[in-house]
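> The structure that follows is given in the form of structure tokens.
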Amino acid sequence: MWNAYKYVALLGKDNKIRVIDFGQVNSSQADKLVNLIINKLRQSDDVIDIINRSC
């Protein structure tokens, strides 16, 4: 099943669709598919854990 999910598409900061290629995916990369996606988005700083407040 994991091999079926090679690409994820999301709306980029520039309002254009951005496609992320995960390459060859297998179940040893994460315990759940959603965790694999979140971890990849964290690596590219599209998802962050802490929101910085700048005033």
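Numbering starts fresh at 1 for the residues of each chain in the structure tokens, the chains themselves are lettered A, B, ... in the order given, and ligands are numbered from 1 as they appear.
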From a DSSP pass on the backbone, collect the residues of chain A flagged as strand (DSSP E) and hand them back as a count of residues only.

10

> Got a sec: who's within 12 Å of A:Leu33, counting only C-alpha atoms, leaving out chain neighbours fewer than 5 positions off, as JSON, numbers by chain?

{"A": [1, 2, 3, 4, 5, 6, 7, 8, 22, 25, 26, 27, 28, 38, 39, 40]}

> Using Å and a single decimal, report how far atom CA of A:Ile48 sits from atom CA of A:Asp21.

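Those two atoms sit 19.8 Å apart.
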
> Check the DSSP output for the backbone and give back, as number ranges by chain, the residues of stretch 11-51 of chain A in alpha helix (DSSP H).

A: 33-43

> Taking N, CA, C and O atoms for each residue, export the selection above as a short mmCIF file (atom, residue, chain, number, x, y, z; two decimals), in the first residue's frame.


data_model
loop_
_atom_site.label_atom_id
_atom_site.label_comp_id
_atom_site.auth_asym_id
_atom_site.auth_seq_id
_atom_site.Cartn_x
_atom_site.Cartn_y
_atom_site.Cartn_z
N LEU A 33 1.50 6.60 7.60
CA LEU A 33 1.73 7.38 6.39
C LEU A 33 1.66 8.88 6.67
O LEU A 33 2.48 9.65 6.18
N VAL A 34 0.72 9.29 7.50
CA VAL A 34 0.58 10.71 7.81
C VAL A 34 1.82 11.23 8.54
O VAL A 34 2.24 12.37 8.32
N ASN A 35 2.46 10.41 9.37
CA ASN A 35 3.69 10.83 10.05
C ASN A 35 4.83 11.01 9.06
O ASN A 35 5.65 11.92 9.22
N LEU A 36 4.88 10.19 8.06
CA LEU A 36 5.89 10.34 7.01
C LEU A 36 5.72 11.68 6.29
O LEU A 36 6.68 12.41 6.06
N ILE A 37 4.49 12.02 5.97
CA ILE A 37 4.21 13.29 5.28
C ILE A 37 4.57 14.48 6.17
O ILE A 37 5.23 15.42 5.73
N ILE A 38 4.15 14.44 7.44
CA ILE A 38 4.45 15.53 8.37
C ILE A 38 5.95 15.68 8.56
O ILE A 38 6.48 16.80 8.56
N ASN A 39 6.67 14.59 8.70
CA ASN A 39 8.13 14.66 8.87
C ASN A 39 8.80 15.28 7.65
O ASN A 39 9.74 16.07 7.77
N LYS A 40 8.35 14.92 6.47
CA LYS A 40 8.90 15.51 5.24
C LYS A 40 8.62 17.01 5.18
O LYS A 40 9.49 17.80 4.81
N LEU A 41 7.42 17.42 5.59
CA LEU A 41 7.07 18.84 5.60
C LEU A 41 7.87 19.59 6.67
O LEU A 41 8.19 20.77 6.49
N ARG A 42 8.19 18.94 7.77
CA ARG A 42 9.04 19.57 8.79
C ARG A 42 10.45 19.79 8.25
O ARG A 42 11.08 20.82 8.54
N GLN A 43 10.97 18.85 7.49
CA GLN A 43 12.32 18.98 6.93
C GLN A 43 12.43 20.18 6.00
O GLN A 43 13.47 20.82 5.91
#

> To one decimal in Å, tell me the separation between atom CA of A:Ile20 and atom CA of A:Lys32.

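Between atom CA of A:Ile20 and atom CA of A:Lys32 the gap works out to 17.7 Å.
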